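Beneath this line is the structure, given in structure tokens, with notes to follow.
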Amino acid sequence: MRLPLSTWPDIESWLQQSTCIVLPIGSMEQHGPNGFLGTDALCPEIIANHAESLAPDKLLIGPTFNVGCAQHHLGFPGTVTLRPSTMIATMVDWTESLLRHGFDKIYWLNGHGGNIATIEAAFAEIHARRSFDPRGADTRPDLWLKRRDWWDFREVLALCNELYPQGHGSHATASEVAVTYWAYPERERQHTAMSPKIAPNGSISDAVRYRQDFPDGRIGSDPTQANADDGGRLVAAAAQCLIKDVATFVSH
């Protein structure tokens with residue numbers, strides 16, 4: 001079931017069988033010359049929705065949190081970012097909204113490495129607010145939070161290594177671009193020229209330095225390797241992993 005396509009009675013009925021929801025979370029930032037700006041939000045959304053299509057009675061997919069922490073990409077047009085404090089506050093509000101309705105297991109499927117520290121800080125903020133709640137533990141509902149990065153499933157990582165033994169990189173990677181091409185094949189851009197073929201590696205800080213060090217936006221990657229067929233394999237693997245991981249989380 002997908003929350004944006006459901007009615008409130010649908011969600012009320014769902015809560016009779018499960019109090020878990022999966023929230024895709026990502027970013028709106030440049031992904032090199034051939035990657036979509038929405039890649040980091042699209043990937044977890046695509047994977048979550050595909051998993052739901054395979055197991056609609058086991059997964060409830062919430063709205064995608066599609067703008068994250070991407071200040072270092074602001075040197076490239078189209079990037080939209082939140083400050084870490086803004087993202088934390090928004091995640092707190094989303095969580096408390098869901099908790100009010102009875103959701104006590106909130107699984108965040110992440111698509112952006114730059115979100116990791118802020119997501120974990122948001123979890124700490126949420127739990128701290130509950131710890132300071134004067135009502136105490138006896139009247140407070142349970143709450144379990146989990147972050148999972150879609151590329152970090154063992155089977156997905158192994159497939160990435162098989163498909164892209166060289167030039168996979170760490171930003172604007174072939175795997176994430178391939179996932180979006182599978183979902184939007186009419187937008188596939190296989191023949192975009194890039195020089196050098198494999199982008200340089202390095203550290204990141206602010207937007208000005210990032211644009212100087214990585215002029216076309218890539219880091220260590222050759223996303224010209226991406227294609228829709230590979231994307232389909234990656235989505236299939238990640239969706240199966242997600243179904244299993246959520247089942248384990250629910251039984252926690």
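Every chain in the structure tokens has a letter given in the order shown (A, B, ...), and although residue numbers restart at 1 in each chain, ligands are simply numbered from 1 in the order shown.
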Go through stretch 126-237 of chain A residue by residue and, counting only C-alpha atoms, keep those with an atom at most 7 Å from stretch 22-43 of chain A; for each kept residue give the shortest atom pair and its distance in Å to one decimal, ordered by chain and increasing number, as a Markdown table.
```
| residue | atom | partner | partner_atom | distance |
| --- | --- | --- | --- | --- |
| A:Ala172 | CA | A:His31 | CA | 4.6 |
| A:Glu176 | CA | A:Cys43 | CA | 6.6 |
| A:Val177 | CA | A:Gly35 | CA | 5.6 |
| A:Val179 | CA | A:Cys43 | CA | 6.2 |
| A:Thr180 | CA | A:Cys43 | CA | 6.4 |
| A:Arg189 | CA | A:Asn34 | CA | 6.0 |
| A:Thr192 | CA | A:Asn34 | CA | 6.3 |
| A:Asp216 | CA | A:Gly32 | CA | 5.6 |
| A:Gly217 | CA | A:Gly32 | CA | 4.6 |
| A:Arg218 | CA | A:Gly32 | CA | 5.1 |
```
Discussion item. I need the residues in stretch 16-250 of chain A that are alpha helix (DSSP H) according to DSSP; give them as a PyMOL selection string.
Written reply: chain A and resi 39-54+84-101+116-131+154-163+174-183+207-213+228-250
Practice prompt. Return the single residue from A:Ala48, A:Val208, A:Val250, A:Ala117 that is closest to A:Phe103, with distances computed using only C-alpha atoms.
Written response: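 Ranking A:Ala48, A:Val208, A:Val250, A:Ala117 by distance to A:Phe103, first place goes to A:Val250.
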Fill in: Residues flagged strand (DSSP E) by DSSP in stretch 33-244 of chain A, as number ranges by chain
A: 105-110, 144-149
Worksheet item: Which neighbours of A:Leu54 fall inside 9 Å, counting only C-alpha atoms, when residues of the same chain fewer than 6 positions from it are skipped, and could you give them as a PyMOL selection string?
Response: chain A and resi 239-240+243
Fill in: Point-to-point distance from atom CA of A:Ala228 to atom CA of A:Pro196, Å rounded to tenths
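Atom CA of A:Ala228 sits 23.1 Å away from atom CA of A:Pro196.
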Worksheet item: Between A:Ser131, A:Thr90, A:Gln71, A:Ser97, which one has atoms that come closest to A:Gly114, using only C-alpha atoms?
Response: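 Of the candidates, the smallest distance to A:Gly114 is held by A:Gln71.
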Worksheet item: In Å, how far is it from atom CA of A:His50 to atom CA of A:Arg187?
Response: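 Value for the atom CA of A:His50-atom CA of A:Arg187 distance: 19.0 Å.
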Worksheet item: If you count only C-alpha atoms, which residues fall within 12 Å of A:Val156, apart from same-chain ones fewer than 5 positions away, as a ChimeraX atom specification?
Response: /A:47,149-151,161-164,175-176,179,230-242
Next, dump the selected residues to file, keeping only N, CA and C atoms, as a CSV table (one decimal), in the first residue's frame.
```csv
chain,number,residue,atom,x,y,z
A,47,ILE,N,12.7,1.9,-5.6
A,47,ILE,CA,12.9,0.6,-5.0
A,47,ILE,C,11.8,0.3,-4.0
A,149,ASP,N,20.5,2.4,4.1
A,149,ASP,CA,21.0,3.0,2.8
A,149,ASP,C,20.8,1.9,1.7
A,150,TRP,N,20.1,2.2,0.7
A,150,TRP,CA,19.7,1.2,-0.3
A,150,TRP,C,20.8,0.5,-0.9
A,151,TRP,N,21.9,1.2,-1.1
A,151,TRP,CA,23.1,0.6,-1.8
A,151,TRP,C,23.9,-0.3,-0.9
A,161,ASN,N,29.4,-4.4,-7.6
A,161,ASN,CA,30.8,-4.8,-7.9
A,161,ASN,C,30.9,-5.6,-9.2
A,162,GLU,N,29.9,-6.4,-9.4
A,162,GLU,CA,29.9,-7.3,-10.6
A,162,GLU,C,29.7,-6.4,-11.9
A,163,LEU,N,28.7,-5.5,-11.8
A,163,LEU,CA,28.4,-4.7,-13.0
A,163,LEU,C,29.4,-3.7,-13.3
A,164,TYR,N,30.0,-3.1,-12.3
A,164,TYR,CA,30.9,-1.9,-12.4
A,164,TYR,C,32.2,-2.1,-11.7
A,175,SER,N,25.4,2.9,-10.7
A,175,SER,CA,24.3,2.1,-10.2
A,175,SER,C,23.1,3.0,-10.0
A,176,GLU,N,23.3,4.2,-9.3
A,176,GLU,CA,22.1,5.0,-9.0
A,176,GLU,C,21.5,5.6,-10.3
A,179,VAL,N,19.4,2.9,-12.0
A,179,VAL,CA,18.1,2.7,-11.3
A,179,VAL,C,17.1,3.7,-11.8
A,230,ASP,N,20.6,-2.8,-16.4
A,230,ASP,CA,21.3,-2.9,-15.1
A,230,ASP,C,20.5,-2.4,-14.0
A,231,GLY,N,19.8,-1.3,-14.3
A,231,GLY,CA,18.9,-0.7,-13.3
A,231,GLY,C,17.8,-1.6,-12.8
A,232,GLY,N,17.3,-2.4,-13.8
A,232,GLY,CA,16.2,-3.4,-13.4
A,232,GLY,C,16.8,-4.4,-12.5
A,233,ARG,N,18.0,-4.9,-12.8
A,233,ARG,CA,18.6,-5.9,-11.9
A,233,ARG,C,18.8,-5.4,-10.5
A,234,LEU,N,19.3,-4.1,-10.4
A,234,LEU,CA,19.5,-3.5,-9.1
A,234,LEU,C,18.3,-3.3,-8.3
A,235,VAL,N,17.2,-2.8,-9.0
A,235,VAL,CA,15.9,-2.6,-8.3
A,235,VAL,C,15.4,-3.9,-7.8
A,236,ALA,N,15.4,-4.9,-8.6
A,236,ALA,CA,14.9,-6.2,-8.2
A,236,ALA,C,15.6,-6.8,-7.0
A,237,ALA,N,16.9,-6.6,-7.0
A,237,ALA,CA,17.7,-7.1,-5.8
A,237,ALA,C,17.4,-6.3,-4.6
A,238,ALA,N,17.4,-5.0,-4.8
A,238,ALA,CA,17.2,-4.1,-3.6
A,238,ALA,C,15.8,-4.3,-3.1
A,239,ALA,N,14.8,-4.5,-3.9
A,239,ALA,CA,13.4,-4.6,-3.5
A,239,ALA,C,13.2,-5.9,-2.6
A,240,GLN,N,13.8,-7.0,-3.1
A,240,GLN,CA,13.8,-8.2,-2.3
A,240,GLN,C,14.5,-8.0,-0.9
A,241,CYS,N,15.6,-7.3,-0.9
A,241,CYS,CA,16.3,-7.1,0.3
A,241,CYS,C,15.4,-6.2,1.3
A,242,LEU,N,14.8,-5.2,0.7
A,242,LEU,CA,13.9,-4.4,1.5
A,242,LEU,C,12.8,-5.1,2.1
```
